[in-house]
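Participant: Data file input_24.txt (compact mmCIF, C-alpha atoms) is appended below.
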# COMPACT_ATOMS: atom_id res chain seq x y z
CA MET P 229 -1.43 18.82 71.64
CA ARG P 230 -1.97 15.30 70.48
CA HIS P 231 -4.30 16.58 67.68
CA ARG P 232 -1.57 18.91 66.40
CA THR P 233 0.98 16.12 66.30
CA LEU P 234 -1.39 13.87 64.31
CA THR P 235 -2.20 16.71 61.92
CA ALA P 236 1.48 17.50 61.45
CA MET P 237 2.28 13.84 60.85
CA ALA P 238 -0.56 13.53 58.34
CA ALA P 239 0.67 16.62 56.51
CA MET P 240 4.22 15.27 56.45
CA ALA P 241 2.99 11.90 55.10
CA ALA P 242 1.03 13.66 52.34
CA VAL P 243 4.10 15.67 51.33
CA LEU P 244 6.25 12.52 51.23
CA MET P 245 3.65 10.66 49.17
CA ILE P 246 3.38 13.47 46.63
CA SER P 247 7.10 13.98 46.33
CA GLY P 248 7.61 10.23 45.99
CA CYS P 249 5.52 10.25 42.79
CA THR P 250 7.82 12.65 40.99
CA SER P 251 11.17 10.95 40.71
CA SER P 252 14.02 12.53 38.83
CA ASN P 253 15.99 9.31 38.87
CA VAL P 254 14.15 7.66 35.95
CA ASP P 255 16.51 5.66 33.73
CA THR P 256 15.91 6.77 30.14
CA THR P 257 18.46 4.39 28.60
CA LYS P 258 17.13 2.70 25.47
CA THR P 259 16.55 -0.94 26.24
CA THR P 260 14.87 -2.16 23.07
CA ALA P 261 16.08 -2.92 19.59
CA ILE P 262 12.98 -1.52 17.90
CA GLN P 263 14.03 0.66 15.03
CA PRO P 264 12.26 3.94 14.32
CA THR P 265 9.61 3.71 11.63
CA ALA P 266 10.57 4.64 8.10
CA LYS P 267 9.28 7.93 6.74
CA ASP P 268 7.28 6.12 4.06
CA VAL P 269 5.21 3.70 6.11
CA SER P 270 3.61 2.36 2.92
CA ALA P 271 6.95 1.02 1.63
CA SER P 272 6.76 -2.16 3.69
CA ASP P 273 3.30 -2.99 2.39
CA LEU P 274 4.40 -2.16 -1.15
CA ASP P 275 7.32 -4.59 -0.84
CA GLN P 276 5.07 -7.25 0.67
CA GLY P 277 2.52 -6.72 -2.09
CA LYS P 278 5.18 -7.19 -4.77
CA ALA P 279 6.49 -10.35 -3.10
CA GLN P 280 3.01 -11.85 -2.80
CA PHE P 281 2.20 -10.94 -6.42
CA ARG P 282 5.39 -12.64 -7.67
CA GLU P 283 4.33 -15.77 -5.75
CA ALA P 284 0.85 -15.59 -7.38
CA ASN P 285 -0.77 -14.93 -3.99
CA TYR P 286 -3.03 -12.29 -5.48
CA GLY P 287 -5.37 -12.03 -2.50
CA LEU P 288 -2.49 -11.27 -0.14
CA ALA P 289 -0.92 -8.97 -2.72
CA GLU P 290 -4.20 -7.05 -2.96
CA LYS P 291 -4.30 -6.69 0.83
CA HIS P 292 -0.80 -5.20 0.99
CA PHE P 293 -1.19 -2.95 -2.05
CA ARG P 294 -4.53 -1.68 -0.68
CA LYS P 295 -2.92 -0.87 2.67
CA ALA P 296 -0.05 0.88 0.87
CA VAL P 297 -2.43 3.18 -1.02
CA GLU P 298 -4.43 3.82 2.15
CA LEU P 299 -1.24 4.95 3.85
CA LYS P 300 0.05 6.94 0.87
CA ALA P 301 -2.62 7.81 -1.67
CA ASP P 302 -0.15 9.18 -4.25
CA ASN P 303 1.85 5.95 -4.49
CA ALA P 304 1.52 5.12 -8.20
CA GLU P 305 3.41 1.85 -7.90
CA ALA P 306 1.00 0.63 -5.21
CA TRP P 307 -2.02 1.64 -7.32
CA MET P 308 -0.54 -0.30 -10.27
CA GLY P 309 -0.03 -3.36 -8.08
CA LEU P 310 -3.52 -3.05 -6.65
CA ALA P 311 -5.10 -2.83 -10.11
CA ALA P 312 -3.06 -5.80 -11.37
CA SER P 313 -4.03 -7.82 -8.28
CA TYR P 314 -7.70 -7.10 -8.88
CA ASP P 315 -7.24 -8.15 -12.53
CA GLU P 316 -5.76 -11.47 -11.48
CA LEU P 317 -8.58 -11.98 -8.98
CA GLY P 318 -11.14 -11.28 -11.69
CA ARG P 319 -12.43 -8.22 -9.81
CA PHE P 320 -12.50 -5.99 -12.85
CA ASP P 321 -14.87 -3.48 -11.23
CA PHE P 322 -12.27 -2.79 -8.55
CA ALA P 323 -9.47 -2.91 -11.11
CA ASP P 324 -11.17 -0.13 -13.10
CA ARG P 325 -11.37 2.03 -9.97
CA ALA P 326 -7.71 1.42 -9.21
CA TYR P 327 -6.70 2.26 -12.80
CA ASP P 328 -8.75 5.48 -12.58
CA GLN P 329 -6.87 6.50 -9.42
CA LEU P 330 -3.57 5.47 -10.98
CA LEU P 331 -4.21 7.69 -14.01
CA LYS P 332 -4.98 10.61 -11.67
CA VAL P 333 -1.77 10.05 -9.71
CA ALA P 334 0.67 9.19 -12.51
CA GLY P 335 -0.90 10.27 -15.79
CA ARG P 336 -1.42 8.19 -18.92
CA LYS P 337 1.95 6.46 -19.12
CA PRO P 338 2.62 3.62 -21.59
CA GLN P 339 3.20 1.05 -18.83
CA ILE P 340 -0.18 1.90 -17.32
CA VAL P 341 -1.94 1.75 -20.69
CA ASN P 342 -0.27 -1.63 -21.31
CA ASN P 343 -1.67 -2.97 -18.04
CA MET P 344 -5.09 -1.56 -18.86
CA GLY P 345 -4.88 -3.36 -22.22
CA TYR P 346 -3.93 -6.62 -20.50
CA SER P 347 -6.89 -6.11 -18.16
CA GLN P 348 -9.20 -5.87 -21.16
CA LEU P 349 -7.57 -8.98 -22.63
CA LEU P 350 -8.36 -10.90 -19.43
CA ARG P 351 -11.98 -9.80 -19.73
CA GLY P 352 -12.23 -10.95 -23.33
CA ASN P 353 -12.63 -7.40 -24.71
CA LYS P 354 -10.31 -7.95 -27.68
CA LYS P 355 -11.08 -4.74 -29.54
CA LYS P 356 -10.51 -2.52 -26.51
CA ALA P 357 -7.43 -4.55 -25.51
CA ARG P 358 -5.89 -4.13 -28.98
CA ALA P 359 -6.48 -0.36 -29.00
CA LEU P 360 -4.88 0.08 -25.57
CA LEU P 361 -1.94 -2.21 -26.30
CA LEU P 362 -1.21 -0.46 -29.61
CA GLU P 363 -1.36 2.91 -27.83
CA ALA P 364 1.13 1.65 -25.25
CA LYS P 365 3.42 0.17 -27.91
CA ALA P 366 3.58 3.47 -29.80
CA HIS P 367 5.04 5.22 -26.73
CA MET P 368 7.22 2.54 -25.12
CA ALA P 369 10.96 2.41 -25.60
CA ASP P 370 11.16 -1.31 -24.75
CA GLN P 371 8.20 -2.96 -26.41
CA THR P 372 8.90 -6.52 -25.22
CA VAL P 373 6.03 -6.69 -22.71
CA VAL P 374 3.52 -5.08 -25.07
CA ASP P 375 4.55 -7.42 -27.87
CA ALA P 376 4.01 -10.39 -25.56
CA ASN P 377 0.56 -9.10 -24.67
CA LEU P 378 -0.27 -8.56 -28.34
CA ALA P 379 0.85 -12.15 -29.03
CA LEU P 380 -1.49 -13.37 -26.28
CA LEU P 381 -4.26 -11.33 -27.85
CA ALA P 382 -3.60 -12.92 -31.24
CA LYS P 383 -3.83 -16.41 -29.70
CA SER P 384 -7.13 -15.75 -28.00
Please go through the file and, once you have read it, give me the structure as structure tokens.
Facilitator:
Amino acid sequence: MRHRTLTAMAAMAAVLMISGCTSSNVDTTKTTAIQPTAKDVSASDLDQGKAQFREANYGLAEKHFRKAVELKADNAEAWMGLAASYDELGRFDFADRAYDQLLKVAGRKPQIVNNMGYSQLLRGNKKKARALLLEAKAHMADQTVVDANLALLAKS
């Protein structure tokens, strides 16, 4: 008789333990102020890259633009920023790769060709820089930036 009572009590304890683990009284009220992530997770890095580039922090700009293109490979603006950052860092081998990807994503647009021309200017390749800058100028509505780059080329 005593054995049955112990067995029954053990069974009852097991049932209580198992049922205690599944509570339906869980409070699901939101208690944090964390906002949901934006659909374009690369946008934050793109914005940070632009800010760092404007401040001439080209290493940090490169880091953010690189992360932006890793998160969203078809982000032409991030590829442009990445290429320009590499240009400013003197990493022309990486800049060329970034320009190649940019051309695949966005096509041969005048703004891109202008930047490629400026890249060649930074390298001291005057002939190639002139050809690219003149190509960009022929297709740009506002030629102010290209004219400035051509003036830099003339001074060098």
Participant: Using only C-alpha atoms, find the one residue out of P:Asp375, P:Glu363, P:Glu290, P:Asp328 that sits nearest to Glu316 in chain P.
Facilitator: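 Of P:Asp375, P:Glu363, P:Glu290, P:Asp328, the one nearest Glu316 in chain P is P:Glu290, counting only C-alpha atoms.
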Participant: Taking all atoms listed in the file into account, name the residue in P:Gly309, P:Leu360, P:Ala304, P:Arg325 that is nearest to Gln280 in chain P.
Facilitator: P:Gly309
Participant: Pick from P:Ala306, P:Val297, P:Leu361, P:Ala271: nearest to Asn343 in chain P, with all atoms listed in the file counted?
Facilitator: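 Using all atoms listed in the file, Asn343 in chain P sits closest to P:Leu361.
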Participant: Please list, as a ChimeraX atom specification, the residues that have an atom at most 7 Å away from (-8.3, -4.1, -23.4) in the coordinates of this file, counting only C-alpha atoms.
Facilitator: /P:344-349,353-360
Participant: Let me make sure I understand: among P:Arg336, P:Arg319, P:His292, P:His367, which one has the smallest atom-to-atom distance to Ala279 in chain P if we use only C-alpha atoms?
Facilitator: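 Distance minimum relative to Ala279 in chain P lands on P:His292.
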